[in-house]
Amino acid sequence: MDTQEPHPGERRGRRAGPTPPGGLLDVLSVAAVVLDGQGRIVFWSPQADQVFGYTAEEALGNAAADLLVHEEHHDLVAKLFAEVMGTGASWAGAFPIRHKDGETRLVEFRAMRLLDDLGDVYALGIAADQTTLQRMETDLALSERLVSQSPIGIALLDTDLRYLLVNPALERINGIPAADHFGRRLREILPFLDVDTIESALRQVLVTGTPLIDQYTVGRTSADPNRDHAWSVSNYRLETPGGRVIGVATSVVDVTERHRAATEADRARRRLALIADASARVGTTLGVEQTAHELAQVAVPDLADVAAVDVLDAVLAFRRTGGPHEGPELFRALAVASAYPTEITAAADRVGDLAAYGADRLVTQCVHVGRPILVAHVSSNDLLQIARSPETAAVLAQAGAHSYLAVPLIARGEVLGAFDLLRARNPLPFDEDDVLLAGELASRAAVCIDNARWHESVRNTAETLQRSLLPGAPPRLTGLEVASLYQPAQASSEVGGDWYDIIPLNGDRTALVVGDVMGNGIDAAATMGRLRTATCAFADLDLEPDQVLQHLDKLTRGLEHYIATCLYAVYDPHDHRCRIANAGHLPPVLAAAGRQPRLLVLPTGVPLGVGGVPFHTTTFELNSGDRLVLYTDGLVETRHHPIDERLNTLLHTLDEPRRPLDDTCRWLLRSLRHPDDHDDVAILIAEATPAR
C-alpha cells in the first residue's frame, strides 16, 4: 500500500463536493444560443438578453440570421453555419451583430455542432461582448505583467492562508522557489519570522476586509539567514464581483536600508539624550565619590548593563608623576552600578577598596596607553584579564558577560583612572559608536572628578589649617566647666572662618570667645588664626571686653577684604558675674538652672573691620548650674526659614532635659543643622560650677 503523504497542493485539489463558482463568467456575461438545422433559435439563455438586447420570447422561433445579422452578411453566415453543421468543425471569431437598439456591435463567438440522442443536429453558439472580453484580456495581461515583473514581492493566499501565487520578487525575498510555496502555510516557508503575528494580521484582513498598510516586520529568511532584514508588508482582501472572498493578497517591500537608517538615527538621538542627561546629572557636587557614582548611574541601562569607575590611588593622593608608566597599578573603586540585580556587582571591587592590577590587565592597559580598550566578544581568557581573580572571572562568565569596554578618564592631559563597562543581558556587543559615546561621557565626568579632587585637596588643607588653629582640649578652669564642638562645612562648600577659644586669665577668670570670619577657604582660615592669636594677646592685658573688641576691630581693618563677627566674654567665678561685648554676632543663650533658656539682650555692635562705632560691655550673673551657649550662624541660619524662627527653635531645643555639655553640643548639631548645610559651625557651652 502506498502511504506517502500527498503534497499540500495535491491534497487541496482532492476536496470532495462542489466548490463555489468562479466570477469570471459573470463578468463576461457569456450567452448561450442554440439553433436547429434550419437556423431557427430554439434555446436562448438569460445572458443572451444582455448581449443581443432581445428577450427569450422575442428571439425563440426566429431565424437567427434575420434577427441578429445585417443583410449584407447573410451569405457569409449561411456559409459558416453550413460548415459547422456539415463537418462538425468548430468556428471562433468576432462577428458584427445587429443589436435590438439598432447599433452594430462586435461579439466574440464560439460555434460548435451538437447531436441529440435521436440523431438531430443543432448548432451551439457561445457569445460574449468583444469590448468586455478585450478589456478583460487587457486587465489580465496587465495584472500578469505587473505581478511577474514587479520589484515588490507579491503573494496570494487562500482563506486557509496557504500560498496560491508567488511572484519572482517574493521568490528572491524568501529564498524559496515559487513552486515550493504552493499549498504551504507561512510557518513552513518563513520559520525565522514571527509567524503568529503575521497570520493574526492576515486573518483580521480576511474577516474585516480592512487593509493593513505598511506593517513593519523585521527578521530573517532563507535568502539571507545570517542577517536581519526589514520589510514593509501590506495586506488586502480579495473578492469576486459577486462578493465571494477568494483570499488575501500580500505585498512585501524590502526596506532594510531605510530601517537601518532609522535605527541609526534613533541610536544617534538616544546618544544625544544620554549626553544631555549626563550633563545634567554628572558633577552636581564637588565630591569625588558622588561624581563617580553619578557617572556610573547615567551609563546604565542605556549604554551598559554594569558600569564601574576606578581611579588611580596615586592620582587621588596627588602622588602620580608625569611620563610613561609601566607595571601594575593601584586603583580605588569609587562607584559600581547595574541595570538589574546581578552577581557581577558582587564580583566587582567593593566601593572604597584598593585593588592592584598587573600590567597585563585590560584596565591597566587602558590607563597606560590613555586610549579605550574594546573587546566586542570576550573569551574566557579575556575575562581573566578583566576580573580581579579567576573566581570572579567565573562569576562574570556565569552571569553572561559577553562584551567589555574600558575608557580612560582624562582631564587636563592627566589620566585619572578608567570607566569600565560590561554587557551581559543586552545581546548587542559594544561597537565603535559605543566607544565614542563612552568617551564623551568619560571626558565630561573626568573634568568634574578632577575639579572635585582639587577642591577636596584645597578644602582638606584649609580644614587642617583651621583645626590646627583652634584650641585643643580645654584647660582645667576654676568655677567653670566648658565643652566645644567644631563642624566644618560639607564637601560642596569650602571651609569657613568660624572659631572659638577658651582663655584662662588672672584671678581664676576665664575668657570665652566665639567668632566668624566672613568668607571661606584658606585665606579665611588664616585670617581666623590671626584674630585668635590677637585675641589671646589682648586678653592677657586684662582689658574690658569692649576694649578687646576695639583693638580687634582696628586689626581687622588692616586685613584687606575681610570683616568678622565676635562675642567676647569674661567670667569671674568669685562674684559669679560675666562681662560680655558683641561685635555684630548672634546673641548668646543663657540657660539658667531651673528656668527656660533665653537670648541675652546685648548691644549688637558692628562687625570687626567696619570701624567708627564703639562697642559696649554688658554684665550679667552666671550662677552655679547656669549655662552660657555661644555659637556661630551656621548652627541656626538656613535659606528657607526666618532667623527669628530658627532662634526660637534653638531655645526650644535647649529647653529639653539637660544633657552633659559634650552631649548637648552634639545634640544641638544633630537637631538644628541639616547634613547638606553649606556653612561651618562652632559651639561653645560654659556651665558655672561651685568655685573651689
# chains A, B, ... in the order shown; residues from 1 in each chain; ligands from 1

$ residues_around --residues "Arg423 of chain A" --least-positions-apart "6" --cutoff "7 Å" --atoms "only C-alpha atoms" --output "PyMOL selection string"
chain A and resi 304-306+401-404

$ write_last_selection --atoms "N, CA and C atoms" --output "PDB file, in the first residue's frame"
ATOM      1  N   ALA A 304      25.295  50.359  29.102  1.00  0.00           N
ATOM      2  CA  ALA A 304      25.877  49.103  29.602  1.00  0.00           C
ATOM      3  C   ALA A 304      24.943  48.489  30.635  1.00  0.00           C
ATOM      4  N   ASP A 305      25.166  47.202  30.893  1.00  0.00           N
ATOM      5  CA  ASP A 305      24.433  46.525  31.966  1.00  0.00           C
ATOM      6  C   ASP A 305      25.104  46.760  33.317  1.00  0.00           C
ATOM      7  N   VAL A 306      26.418  46.882  33.308  1.00  0.00           N
ATOM      8  CA  VAL A 306      27.176  47.152  34.532  1.00  0.00           C
ATOM      9  C   VAL A 306      28.232  48.203  34.208  1.00  0.00           C
ATOM     10  N   ALA A 401      28.374  37.768  30.936  1.00  0.00           N
ATOM     11  CA  ALA A 401      29.166  38.890  30.426  1.00  0.00           C
ATOM     12  C   ALA A 401      29.791  38.500  29.088  1.00  0.00           C
ATOM     13  N   HIS A 402      29.505  39.283  28.039  1.00  0.00           N
ATOM     14  CA  HIS A 402      29.973  38.896  26.704  1.00  0.00           C
ATOM     15  C   HIS A 402      30.670  40.030  25.958  1.00  0.00           C
ATOM     16  N   SER A 403      30.633  41.255  26.483  1.00  0.00           N
ATOM     17  CA  SER A 403      31.267  42.370  25.780  1.00  0.00           C
ATOM     18  C   SER A 403      31.802  43.356  26.814  1.00  0.00           C
ATOM     19  N   TYR A 404      33.009  43.916  26.549  1.00  0.00           N
ATOM     20  CA  TYR A 404      33.693  44.753  27.547  1.00  0.00           C
ATOM     21  C   TYR A 404      34.256  45.997  26.871  1.00  0.00           C
TER      22      TYR A 404
END

$ select_by_dssp --residues "segment 251-482 of chain A" --states "strand (DSSP E or B)" --output "ChimeraX atom specification"
/A:251-254,306-312,329-338,354-357,373-375,403-411,414-423,480-482

$ residues_around --residues "Val351 of chain A" --least-positions-apart "6" --cutoff "12 Å" --atoms "only C-alpha atoms" --output "list in words"
Glu289, Gln290, Ala292, His293, Ala296, Ala308, Val309, Asp310, Val311, Phe331, Arg332, Ala333, Leu334, Ala335, Val336, Ala337 and Thr345 of chain A

$ write_last_selection --atoms "all heavy atoms" --output "short mmCIF file (atom, residue, chain, number, x, y, z; two decimals), in the first residue's frame"
data_model
loop_
_atom_site.label_atom_id
_atom_site.label_comp_id
_atom_site.auth_asym_id
_atom_site.auth_seq_id
_atom_site.Cartn_x
_atom_site.Cartn_y
_atom_site.Cartn_z
N GLU A 289 33.63 60.95 45.10
CA GLU A 289 32.84 59.72 45.10
C GLU A 289 31.46 59.95 44.51
O GLU A 289 30.96 59.13 43.74
CB GLU A 289 32.72 59.16 46.53
CG GLU A 289 34.01 58.63 47.11
CD GLU A 289 34.90 59.72 47.68
OE1 GLU A 289 34.47 60.90 47.64
OE2 GLU A 289 36.01 59.42 48.14
N GLN A 290 30.82 61.06 44.85
CA GLN A 290 29.49 61.34 44.33
C GLN A 290 29.52 61.52 42.81
O GLN A 290 28.64 61.02 42.09
CB GLN A 290 28.91 62.60 44.99
CG GLN A 290 27.53 63.01 44.50
CD GLN A 290 26.48 61.97 44.79
OE1 GLN A 290 26.61 61.18 45.73
NE2 GLN A 290 25.41 61.95 44.01
N ALA A 292 31.68 60.21 40.70
CA ALA A 292 31.89 58.88 40.11
C ALA A 292 30.60 58.07 40.13
O ALA A 292 30.27 57.37 39.16
CB ALA A 292 32.99 58.15 40.86
N HIS A 293 29.86 58.14 41.22
CA HIS A 293 28.58 57.43 41.32
C HIS A 293 27.60 57.94 40.26
O HIS A 293 26.88 57.15 39.63
CB HIS A 293 28.00 57.61 42.72
CG HIS A 293 26.65 56.99 42.90
ND1 HIS A 293 26.46 55.64 43.01
CD2 HIS A 293 25.42 57.56 42.98
CE1 HIS A 293 25.16 55.38 43.14
NE2 HIS A 293 24.51 56.53 43.12
N ALA A 296 28.54 56.44 36.83
CA ALA A 296 28.15 55.03 36.70
C ALA A 296 26.65 54.88 36.53
O ALA A 296 26.18 54.08 35.71
CB ALA A 296 28.63 54.25 37.93
N ALA A 308 31.44 50.69 36.10
CA ALA A 308 32.27 50.92 37.28
C ALA A 308 33.23 52.06 36.99
O ALA A 308 33.64 52.28 35.84
CB ALA A 308 33.05 49.66 37.66
N VAL A 309 33.57 52.79 38.04
CA VAL A 309 34.54 53.88 37.93
C VAL A 309 35.67 53.58 38.91
O VAL A 309 35.44 53.45 40.12
CB VAL A 309 33.89 55.25 38.25
CG1 VAL A 309 34.94 56.36 38.15
CG2 VAL A 309 32.73 55.52 37.31
N ASP A 310 36.88 53.45 38.36
CA ASP A 310 38.08 53.16 39.16
C ASP A 310 39.11 54.25 38.91
O ASP A 310 39.46 54.51 37.75
CB ASP A 310 38.66 51.79 38.79
CG ASP A 310 37.68 50.66 39.03
OD1 ASP A 310 37.24 50.50 40.18
OD2 ASP A 310 37.33 49.96 38.07
N VAL A 311 39.57 54.88 39.99
CA VAL A 311 40.53 55.98 39.88
C VAL A 311 41.85 55.53 40.48
O VAL A 311 41.89 54.81 41.49
CB VAL A 311 39.99 57.24 40.59
CG1 VAL A 311 41.03 58.34 40.58
CG2 VAL A 311 38.72 57.72 39.90
N PHE A 331 44.35 50.79 42.02
CA PHE A 331 43.10 51.51 41.75
C PHE A 331 42.26 51.57 43.01
O PHE A 331 42.26 50.63 43.82
CB PHE A 331 42.29 50.80 40.66
CG PHE A 331 42.91 50.86 39.29
CD1 PHE A 331 43.81 49.88 38.88
CD2 PHE A 331 42.60 51.88 38.41
CE1 PHE A 331 44.37 49.92 37.62
CE2 PHE A 331 43.15 51.93 37.14
CZ PHE A 331 44.05 50.95 36.75
N ARG A 332 41.51 52.65 43.13
CA ARG A 332 40.50 52.74 44.18
C ARG A 332 39.13 52.73 43.50
O ARG A 332 38.85 53.56 42.64
CB ARG A 332 40.64 54.01 45.02
CG ARG A 332 39.66 54.04 46.21
CD ARG A 332 39.89 55.25 47.08
NE ARG A 332 41.20 55.22 47.73
CZ ARG A 332 41.46 54.57 48.85
NH1 ARG A 332 40.50 53.86 49.45
NH2 ARG A 332 42.67 54.59 49.39
N ALA A 333 38.29 51.75 43.88
CA ALA A 333 36.95 51.65 43.31
C ALA A 333 36.07 52.75 43.91
O ALA A 333 35.89 52.82 45.12
CB ALA A 333 36.35 50.27 43.60
N LEU A 334 35.53 53.61 43.04
CA LEU A 334 34.71 54.72 43.51
C LEU A 334 33.22 54.50 43.30
O LEU A 334 32.41 55.07 44.03
CB LEU A 334 35.13 56.03 42.81
CG LEU A 334 36.53 56.55 43.11
CD1 LEU A 334 36.72 57.90 42.46
CD2 LEU A 334 36.77 56.65 44.61
N ALA A 335 32.84 53.69 42.30
CA ALA A 335 31.41 53.51 42.03
C ALA A 335 31.19 52.26 41.20
O ALA A 335 32.01 51.90 40.35
CB ALA A 335 30.84 54.72 41.29
N VAL A 336 30.07 51.58 41.45
CA VAL A 336 29.60 50.45 40.66
C VAL A 336 28.08 50.59 40.53
O VAL A 336 27.40 50.86 41.52
CB VAL A 336 29.95 49.09 41.30
CG1 VAL A 336 29.36 47.95 40.47
CG2 VAL A 336 31.45 48.92 41.44
N ALA A 337 27.57 50.40 39.32
CA ALA A 337 26.12 50.49 39.10
C ALA A 337 25.72 49.42 38.10
O ALA A 337 26.50 49.06 37.20
CB ALA A 337 25.72 51.87 38.59
N THR A 345 27.97 42.65 40.10
CA THR A 345 28.30 43.74 41.03
C THR A 345 29.01 43.20 42.27
O THR A 345 29.90 43.86 42.80
CB THR A 345 27.02 44.49 41.44
OG1 THR A 345 26.06 43.55 41.95
CG2 THR A 345 26.41 45.21 40.25
#

$ select_by_dssp --residues "segment 536-597 of chain A" --states "alpha helix (DSSP H)" --output "list in words"
Cys536, Ala537, Phe538, Ala539, Pro545, Asp546, Gln547, Val548, Leu549, Gln550, His551, Leu552, Asp553, Lys554, Leu555, Thr556 and Arg557 of chain A

$ write_last_selection --atoms "C-alpha atoms" --output "PDB file, in the first residue's frame"
ATOM      1  CA  CYS A 536      44.748  85.825  73.269  1.00  0.00           C
ATOM      2  CA  ALA A 537      47.301  88.648  73.377  1.00  0.00           C
ATOM      3  CA  PHE A 538      44.714  91.347  74.164  1.00  0.00           C
ATOM      4  CA  ALA A 539      43.070  89.110  76.765  1.00  0.00           C
ATOM      5  CA  PRO A 545      35.559  93.100  76.669  1.00  0.00           C
ATOM      6  CA  ASP A 546      34.622  96.212  74.682  1.00  0.00           C
ATOM      7  CA  GLN A 547      38.277  97.316  74.664  1.00  0.00           C
ATOM      8  CA  VAL A 548      39.400  93.929  73.367  1.00  0.00           C
ATOM      9  CA  LEU A 549      36.893  94.205  70.531  1.00  0.00           C
ATOM     10  CA  GLN A 550      38.077  97.741  69.819  1.00  0.00           C
ATOM     11  CA  HIS A 551      41.663  96.514  69.327  1.00  0.00           C
ATOM     12  CA  LEU A 552      40.484  93.574  67.216  1.00  0.00           C
ATOM     13  CA  ASP A 553      38.425  95.947  65.060  1.00  0.00           C
ATOM     14  CA  LYS A 554      41.486  98.058  64.376  1.00  0.00           C
ATOM     15  CA  LEU A 555      43.493  94.963  63.475  1.00  0.00           C
ATOM     16  CA  THR A 556      40.771  93.652  61.170  1.00  0.00           C
ATOM     17  CA  ARG A 557      40.552  96.930  59.301  1.00  0.00           C
TER      18      ARG A 557
END

$ atom_distance --atom1 "atom CA of Leu421 of chain A" --atom2 "atom CA of His368 of chain A"
17.8 Å

$ residues_around --residues "segment 388-393 of chain A" --least-positions-apart "5" --cutoff "10 Å" --atoms "only C-alpha atoms" --output "ChimeraX atom specification"
/A:343-344,346-349,355-358,361,380-383,398-399,401

$ residues_around --residues "Gly558 of chain A" --least-positions-apart "5" --cutoff "12 Å" --atoms "only C-alpha atoms" --output "list in words"
Thr527, Arg530, Leu531, His551, Leu552, Asp553, Ile563, Leu608, Gly609, Val610 and Gly611 of chain A

$ write_last_selection --atoms "all heavy atoms" --output "CSV table (one decimal), in the first residue's frame"
chain,number,residue,atom,x,y,z
A,527,THR,N,43.0,84.2,58.3
A,527,THR,CA,42.6,85.4,59.0
A,527,THR,C,42.1,85.0,60.4
A,527,THR,O,42.3,85.7,61.4
A,527,THR,CB,41.5,86.1,58.1
A,527,THR,OG1,42.1,86.4,56.9
A,527,THR,CG2,41.0,87.3,58.8
A,530,ARG,N,44.9,84.6,62.8
A,530,ARG,CA,45.5,85.8,63.2
A,530,ARG,C,44.6,86.5,64.3
A,530,ARG,O,45.1,87.0,65.3
A,530,ARG,CB,45.7,86.8,62.0
A,530,ARG,CG,46.7,86.2,61.0
A,530,ARG,CD,46.7,87.1,59.7
A,530,ARG,NE,47.3,88.4,60.0
A,530,ARG,CZ,47.5,89.3,59.1
A,530,ARG,NH1,47.2,89.0,57.8
A,530,ARG,NH2,48.1,90.5,59.4
A,531,LEU,N,43.3,86.5,64.0
A,531,LEU,CA,42.4,87.1,65.0
A,531,LEU,C,42.4,86.3,66.4
A,531,LEU,O,42.4,87.0,67.4
A,531,LEU,CB,41.0,87.2,64.5
A,531,LEU,CG,40.7,88.2,63.4
A,531,LEU,CD1,39.3,88.1,62.9
A,531,LEU,CD2,41.0,89.6,63.8
A,551,HIS,N,40.4,96.8,69.9
A,551,HIS,CA,41.7,96.5,69.3
A,551,HIS,C,41.5,95.5,68.2
A,551,HIS,O,42.3,95.7,67.1
A,551,HIS,CB,42.6,95.9,70.4
A,551,HIS,CG,43.0,97.0,71.4
A,551,HIS,ND1,43.9,98.0,71.1
A,551,HIS,CD2,42.8,97.1,72.7
A,551,HIS,CE1,44.2,98.7,72.1
A,551,HIS,NE2,43.5,98.2,73.2
A,552,LEU,N,40.7,94.5,68.3
A,552,LEU,CA,40.5,93.6,67.2
A,552,LEU,C,39.9,94.2,66.0
A,552,LEU,O,40.2,93.9,64.8
A,552,LEU,CB,39.6,92.4,67.7
A,552,LEU,CG,40.1,91.5,68.7
A,552,LEU,CD1,39.1,90.5,69.2
A,552,LEU,CD2,41.4,90.8,68.2
A,553,ASP,N,39.0,95.2,66.2
A,553,ASP,CA,38.4,95.9,65.1
A,553,ASP,C,39.5,96.7,64.3
A,553,ASP,O,39.5,96.7,63.0
A,553,ASP,CB,37.4,96.9,65.6
A,553,ASP,CG,36.8,97.8,64.5
A,553,ASP,OD1,36.2,97.2,63.5
A,553,ASP,OD2,36.9,99.0,64.5
A,563,ILE,N,36.0,91.1,57.1
A,563,ILE,CA,35.3,91.5,58.3
A,563,ILE,C,35.0,90.2,59.1
A,563,ILE,O,34.9,89.1,58.5
A,563,ILE,CB,34.1,92.4,58.1
A,563,ILE,CG1,33.0,91.6,57.3
A,563,ILE,CG2,34.5,93.7,57.4
A,563,ILE,CD1,31.7,92.4,57.1
A,608,LEU,N,33.7,93.4,63.3
A,608,LEU,CA,35.1,93.8,63.3
A,608,LEU,C,35.5,94.1,61.9
A,608,LEU,O,35.3,93.4,60.9
A,608,LEU,CB,36.0,92.7,63.9
A,608,LEU,CG,35.6,92.2,65.3
A,608,LEU,CD1,36.6,91.0,65.7
A,608,LEU,CD2,35.7,93.3,66.3
A,609,GLY,N,36.2,95.2,61.7
A,609,GLY,CA,36.7,95.7,60.4
A,609,GLY,C,35.9,96.8,59.8
A,609,GLY,O,36.3,97.4,58.8
A,610,VAL,N,34.7,97.1,60.4
A,610,VAL,CA,33.9,98.2,59.9
A,610,VAL,C,34.4,99.5,60.4
A,610,VAL,O,34.6,100.5,59.7
A,610,VAL,CB,32.4,98.0,60.3
A,610,VAL,CG1,31.6,99.2,59.9
A,610,VAL,CG2,31.8,96.7,59.7
A,611,GLY,N,34.7,99.6,61.7
A,611,GLY,CA,35.3,100.8,62.3
A,611,GLY,C,34.3,101.9,62.6
A,611,GLY,O,33.2,102.0,62.0

$ atom_distance --atom1 "atom CA of Leu409 of chain A" --atom2 "atom CA of Arg350 of chain A"
19.4 Å

$ atom_distance --atom1 "atom CA of Asp420 of chain A" --atom2 "atom CA of Ala307 of chain A"
5.6 Å

$ residues_around --residues "segment 131-138 of chain A" --least-positions-apart "3" --cutoff "9 Å" --atoms "only C-alpha atoms" --output "list of chain:residue names"
A:Val27, A:Leu28, A:Ser29, A:Arg105, A:Leu106, A:Val107, A:Glu108, A:Ala128, A:Ala141, A:Leu142, A:Ser143

$ write_last_selection --atoms "N, CA, C and O atoms" --output "tab-separated table (two decimals), in the first residue's frame"
chain	number	residue	atom	x	y	z
A	27	VAL	N	-18.71	38.13	-15.04
A	27	VAL	CA	-18.17	39.41	-15.51
A	27	VAL	C	-18.29	39.50	-17.03
A	27	VAL	O	-18.66	40.55	-17.58
A	28	LEU	N	-17.99	38.40	-17.73
A	28	LEU	CA	-18.06	38.41	-19.19
A	28	LEU	C	-19.49	38.35	-19.71
A	28	LEU	O	-19.75	38.70	-20.86
A	29	SER	N	-20.41	37.92	-18.87
A	29	SER	CA	-21.82	37.75	-19.28
A	29	SER	C	-21.90	36.89	-20.55
A	29	SER	O	-22.40	37.30	-21.60
A	105	ARG	N	-22.72	45.79	-33.13
A	105	ARG	CA	-21.75	45.50	-32.08
A	105	ARG	C	-20.95	44.26	-32.45
A	105	ARG	O	-21.49	43.31	-33.03
A	106	LEU	N	-19.66	44.31	-32.10
A	106	LEU	CA	-18.82	43.13	-32.31
A	106	LEU	C	-19.01	42.17	-31.14
A	106	LEU	O	-18.92	42.56	-29.98
A	107	VAL	N	-19.25	40.90	-31.48
A	107	VAL	CA	-19.45	39.88	-30.47
A	107	VAL	C	-18.48	38.73	-30.75
A	107	VAL	O	-18.30	38.33	-31.91
A	108	GLU	N	-17.85	38.25	-29.70
A	108	GLU	CA	-16.92	37.12	-29.81
A	108	GLU	C	-17.75	35.84	-29.75
A	108	GLU	O	-18.52	35.62	-28.80
A	128	ALA	N	-19.97	36.44	-26.34
A	128	ALA	CA	-19.66	37.44	-25.31
A	128	ALA	C	-19.32	38.74	-26.00
A	128	ALA	O	-18.73	38.74	-27.10
A	141	ALA	N	-3.66	40.61	-18.81
A	141	ALA	CA	-2.28	40.74	-19.28
A	141	ALA	C	-1.50	41.73	-18.42
A	141	ALA	O	-0.35	41.50	-18.05
A	142	LEU	N	-2.17	42.86	-18.13
A	142	LEU	CA	-1.51	43.86	-17.30
A	142	LEU	C	-1.23	43.31	-15.90
A	142	LEU	O	-0.13	43.48	-15.36
A	143	SER	N	-2.21	42.64	-15.32
A	143	SER	CA	-2.03	42.08	-13.98
A	143	SER	C	-0.90	41.06	-13.96
A	143	SER	O	-0.06	41.05	-13.05

$ closest_residue --among "A:Ala78, A:Leu190, A:Ala591, A:Ala446" --to "Ser222 of chain A" --atoms "only C-alpha atoms"
A:Leu190

$ decode --residues "segment 667-674 of chain A" --atoms "all heavy atoms" --output "JSON list (two decimals), in the first residue's frame"
[["chain", "number", "residue", "atom", "x", "y", "z"],
["A", 667, "TRP", "N", 23.98, 67.25, 70.39],
["A", 667, "TRP", "CA", 22.53, 67.28, 70.23],
["A", 667, "TRP", "C", 22.09, 68.52, 69.46],
["A", 667, "TRP", "O", 21.22, 68.45, 68.58],
["A", 667, "TRP", "CB", 21.86, 67.21, 71.60],
["A", 667, "TRP", "CG", 20.38, 67.46, 71.58],
["A", 667, "TRP", "CD1", 19.71, 68.52, 72.10],
["A", 667, "TRP", "CD2", 19.38, 66.61, 71.00],
["A", 667, "TRP", "NE1", 18.37, 68.40, 71.89],
["A", 667, "TRP", "CE2", 18.13, 67.24, 71.22],
["A", 667, "TRP", "CE3", 19.42, 65.39, 70.33],
["A", 667, "TRP", "CZ2", 16.94, 66.69, 70.78],
["A", 667, "TRP", "CZ3", 18.23, 64.83, 69.90],
["A", 667, "TRP", "CH2", 17.01, 65.48, 70.12],
["A", 668, "LEU", "N", 22.68, 69.64, 69.77],
["A", 668, "LEU", "CA", 22.34, 70.87, 69.04],
["A", 668, "LEU", "C", 22.69, 70.73, 67.56],
["A", 668, "LEU", "O", 21.92, 71.14, 66.68],
["A", 668, "LEU", "CB", 23.09, 72.06, 69.64],
["A", 668, "LEU", "CG", 22.63, 72.55, 71.01],
["A", 668, "LEU", "CD1", 23.55, 73.66, 71.51],
["A", 668, "LEU", "CD2", 21.18, 73.05, 70.95],
["A", 669, "LEU", "N", 23.85, 70.13, 67.27],
["A", 669, "LEU", "CA", 24.27, 69.99, 65.88],
["A", 669, "LEU", "C", 23.32, 69.07, 65.12],
["A", 669, "LEU", "O", 22.90, 69.38, 64.00],
["A", 669, "LEU", "CB", 25.69, 69.43, 65.85],
["A", 669, "LEU", "CG", 26.39, 69.49, 64.48],
["A", 669, "LEU", "CD1", 26.68, 70.93, 64.09],
["A", 669, "LEU", "CD2", 27.69, 68.68, 64.50],
["A", 670, "ARG", "N", 22.96, 67.94, 65.74],
["A", 670, "ARG", "CA", 22.05, 67.00, 65.07],
["A", 670, "ARG", "C", 20.66, 67.58, 64.89],
["A", 670, "ARG", "O", 20.01, 67.35, 63.87],
["A", 670, "ARG", "CB", 21.96, 65.69, 65.86],
["A", 670, "ARG", "CG", 23.19, 64.81, 65.77],
["A", 670, "ARG", "CD", 22.87, 63.39, 66.23],
["A", 670, "ARG", "NE", 22.31, 63.37, 67.57],
["A", 670, "ARG", "CZ", 23.03, 63.26, 68.68],
["A", 670, "ARG", "NH1", 24.35, 63.18, 68.60],
["A", 670, "ARG", "NH2", 22.46, 63.24, 69.86],
["A", 671, "SER", "N", 20.20, 68.36, 65.86],
["A", 671, "SER", "CA", 18.82, 68.85, 65.84],
["A", 671, "SER", "C", 18.64, 70.04, 64.91],
["A", 671, "SER", "O", 17.57, 70.19, 64.29],
["A", 671, "SER", "CB", 18.38, 69.26, 67.25],
["A", 671, "SER", "OG", 18.47, 68.16, 68.14],
["A", 672, "LEU", "N", 19.66, 70.87, 64.78],
["A", 672, "LEU", "CA", 19.46, 72.14, 64.08],
["A", 672, "LEU", "C", 20.14, 72.21, 62.72],
["A", 672, "LEU", "O", 19.75, 73.03, 61.88],
["A", 672, "LEU", "CB", 19.99, 73.29, 64.94],
["A", 672, "LEU", "CG", 19.27, 73.47, 66.29],
["A", 672, "LEU", "CD1", 19.95, 74.56, 67.10],
["A", 672, "LEU", "CD2", 17.80, 73.82, 66.07],
["A", 673, "ARG", "N", 21.11, 71.38, 62.50],
["A", 673, "ARG", "CA", 21.89, 71.52, 61.27],
["A", 673, "ARG", "C", 21.60, 70.37, 60.32],
["A", 673, "ARG", "O", 21.69, 69.21, 60.68],
["A", 673, "ARG", "CB", 23.39, 71.55, 61.58],
["A", 673, "ARG", "CG", 24.26, 71.91, 60.39],
["A", 673, "ARG", "CD", 25.69, 72.13, 60.88],
["A", 673, "ARG", "NE", 26.56, 72.62, 59.82],
["A", 673, "ARG", "CZ", 27.28, 71.86, 59.01],
["A", 673, "ARG", "NH1", 27.21, 70.54, 59.16],
["A", 673, "ARG", "NH2", 28.06, 72.39, 58.09],
["A", 674, "HIS", "N", 21.23, 70.71, 59.07],
["A", 674, "HIS", "CA", 21.00, 69.69, 58.05],
["A", 674, "HIS", "C", 22.34, 69.22, 57.51],
["A", 674, "HIS", "O", 23.27, 70.01, 57.36],
["A", 674, "HIS", "CB", 20.15, 70.27, 56.91],
["A", 674, "HIS", "CG", 19.65, 69.24, 55.96],
["A", 674, "HIS", "ND1", 20.41, 68.77, 54.91],
["A", 674, "HIS", "CD2", 18.46, 68.57, 55.91],
["A", 674, "HIS", "CE1", 19.72, 67.87, 54.24],
["A", 674, "HIS", "NE2", 18.54, 67.72, 54.84]]
